[in-house]
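J.: I'd like to ask some things about the structure below.
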Amino acid sequence: MNIVKTLARSIREYKKASILAPIMVSGEVIMEVLIPLLMAKLIDHMGGDLGPIMYYGFILFILAIFSLLFGAGAARQASKGSCGLAKNLRQDIFERVQHFSFPDIDYFSAASLVTRMTTDVTNVQNAYSMLIRAAFRAPLMIIFSVIMALTINWKMALIFLAMLPILAIVIFGIAFKVHPIFVRIFRKYDAMNDGVEENIRGMRVVKSFVREDYEKKKFYQETETVRQDFTHAEKILAWNSPVMMTCIFASITLISYFGARLIITTHATSLTTGALSSLINYGVQILAAVMILSMVFTLCWISEESAERITEVLTYEPTITSPANGVKEVKDGSIDFNHVSFKYSPHSKKEALVDIDLHIPSGATIGIIGGTGSSKTTLVQLISRLYDVTEGELKVGGVNVKDYDLEPLRDQVAMVLQKNVLFRGTISENLRWGNPNASDEEILHAAKLAQADEFVQAFPDKYETMISQGGTNVSGGQKQRLCIARALLKKPKILILDDSTSAVDTKTDALIRKAFQEEIPDTTKIIIAQRVSSVEDADQILVMDGGRIVEQGTSEELLALNGIYREVYDSQTQNMQQKEA
């Protein structure tokens, strides 16, 4: 019931269509149930006066027309209602995902969320279409046809009723067997989509290592396991049709045999030829309706897992939310880590960050260096509450980040992430992600600060140049500079560059940092870099290792320590001298 209630909320403006569909189905069923009754009267008048034949023939024609109109109307409304539900479900899931934090995305995985918005929603759409039409039609047809058959000859009608328990056992047995298989299939869909996404994202790596054959073999194995499960399920479902048809033909054979004997022995006083024809028609309608009901039931069993997966997303409570009456304004760009520790999962034994005690005044420039896996990115992701601290307290502008409303906090913390992302659209549209209301002059100024204006002006369409999906038609360095310009348009109190100048030359890197000092002196700047030259002018440099701050100070102070920073500095300086030589 919880699943039904959750999914029903997404019907919304399509309630009318969802109600009209079963109403029209009812009209269609009534017309179809009356037709065999009139056919019986028409058959019984064959060979007699033409008047009754014309009369019943005309009524049959009218009933057939109305049945057609009701059926077409029901199909149209069912399609409208089910497609509308699917549209709203996808929209609701997408909106829900927008409120997810990084841990929530990690919990579901991107591939699984895509599967839920596509395959799972399609399954629910098909099931809903069947429910508001076929699932409503079949029981009505069975009830009305059984009543009509009983009124004609109740003893003969018992033959149909005797078949119903057999069919019910078969339906429930098949559904019970196939449901676990489809649960397994959807999990494999997630894994398969995850592999496809990973392969497409890493296509350059695949080709550079000539691993196409390996990837094709791996994908073949994944699709083969899905095929095997589907084949197994289809083999079980295949029993449905022959069992149904056997029951239908057995019932018709028995009705024909006993009905013919009854007509002959009673000289058509207990049962007429027309009545026998009606009984056969009602029998076919009853058993065909049961067959349709079994298909609906099977489809609902298949879609149940999809419905559960969709409901899981729609009812999932994000782990990071805005508090009631959260603080709406960030006073300044000061940052205070008070003995902060963090781990990605409550079940993890190892902490990603350990006892970070750091105090950054507003407007300061902080450089962070460290080896791969030293948790540099993890540290800065806590500032805008992309993740929550596990222990300790983190303050921005003197206020605990957990006390802020998420939107104003994140609006004042601009991050240029390690993986730069541009979206399909023009350059100006991409830059306006930082500020939707930014003027052309503001866009130009931000681009100049990020050293992006020069290459943008070289494009024929300049700022109206179209960026392909993922920014594949610009270089890595150009993409980084556009992302920096986008962040600057936010006019944030805190600007975080997570290795965001790695693809630009040292001269351009120096120009960007100089522009920061001159144009945004009051903004707190945190620069994560692999190059010492990118951070050596910072007010304070942090050296991280194993999730801890192992060295802290200015470049001169750290050089005097003869520690990790000195080792990196000497190594990079020596390499530069060798290149120049």
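In the structure tokens, the first chain shown is A, the next is B, and so on; residue numbers restart at 1 for each chain, and ligands run from 1 in the order shown.
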Near Glu329 of chain A, counting only C-alpha atoms, which residues have an atom at most 9 Å away, once you skip same-chain residues fewer than 5 positions from it, shown as a ChimeraX atom specification?

T.: /A:404-405,408-409,412

J.: I'd like the contact shell of Phe337 of chain A - 6 Å cut-off, only C-alpha atoms, skipping same-chain residues fewer than 5 positions apart - returned as a count of residues only.

T.: 3

J.: Quick one: residues within 9 Å of segment 39-43 of chain A, only C-alpha atoms counted, chain neighbours fewer than 5 positions away excluded, as a compact mmCIF listing (two decimals) with C-alpha atoms, in the first residue's frame?

T.:
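Produced file around-v2.txt, reproduced below:
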# COMPACT_ATOMS: atom_id res chain seq x y z
CA LEU A 34 -25.22 -8.04 -24.71
CA PRO A 52 -37.10 -10.08 -36.43
CA ILE A 53 -33.82 -10.86 -38.22
CA MET A 54 -33.55 -7.27 -39.49
CA TYR A 55 -34.52 -5.93 -36.06
CA TYR A 56 -31.94 -7.94 -34.10
CA GLY A 57 -29.33 -7.40 -36.81
CA LEU A 60 -26.31 -5.85 -33.03
CA THR A 272 -32.04 -23.73 -28.10
CA THR A 273 -29.37 -23.59 -30.78
CA GLY A 274 -29.06 -19.84 -30.25
CA ALA A 275 -28.72 -20.30 -26.48
CA LEU A 276 -25.95 -22.88 -27.03
CA SER A 277 -24.16 -20.40 -29.30
CA SER A 278 -24.46 -17.75 -26.57

J.: Just want the 12 Å neighbourhood of segment 169-177 of chain A, counted on only C-alpha atoms, with same-chain residues fewer than 5 positions away dropped. Output as number ranges by chain.

T.: A: 163-164, 182-183, 232-244, 247, 290-304

J.: Can you pull out every residue within 10 Å of Ala134 of chain A, counting only C-alpha atoms, but drop anything in the same chain fewer than 5 positions away, and send it as a list in words?

T.: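 My list of contacting residues is Ala21, Pro22, Val25, Ala74, Ala75, Ala78, Ala127, Tyr128, Ser129, Pro139, Leu140, Ala289, Ile292, Leu293, Met295 and Val296 of chain A.
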
J.: I'd like the neighbourhood of Asp453 of chain A as a list in words, where a residue qualifies if any of its atoms comes within 12 Å (using only C-alpha atoms), though same-chain residues fewer than 3 positions away should be ignored.

T.: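 Within the cut-off, the hits are Ile427, Ser428, Leu431, Glu441, Glu442, Ile443, Leu444, His445, Ala446, Ala447, Lys448, Leu449, Ala450, Val456, Gln457, Ala458, Phe459, Lys462, Tyr463, Gln478, Arg481, Leu482, Ile484 and Ala485 of chain A.
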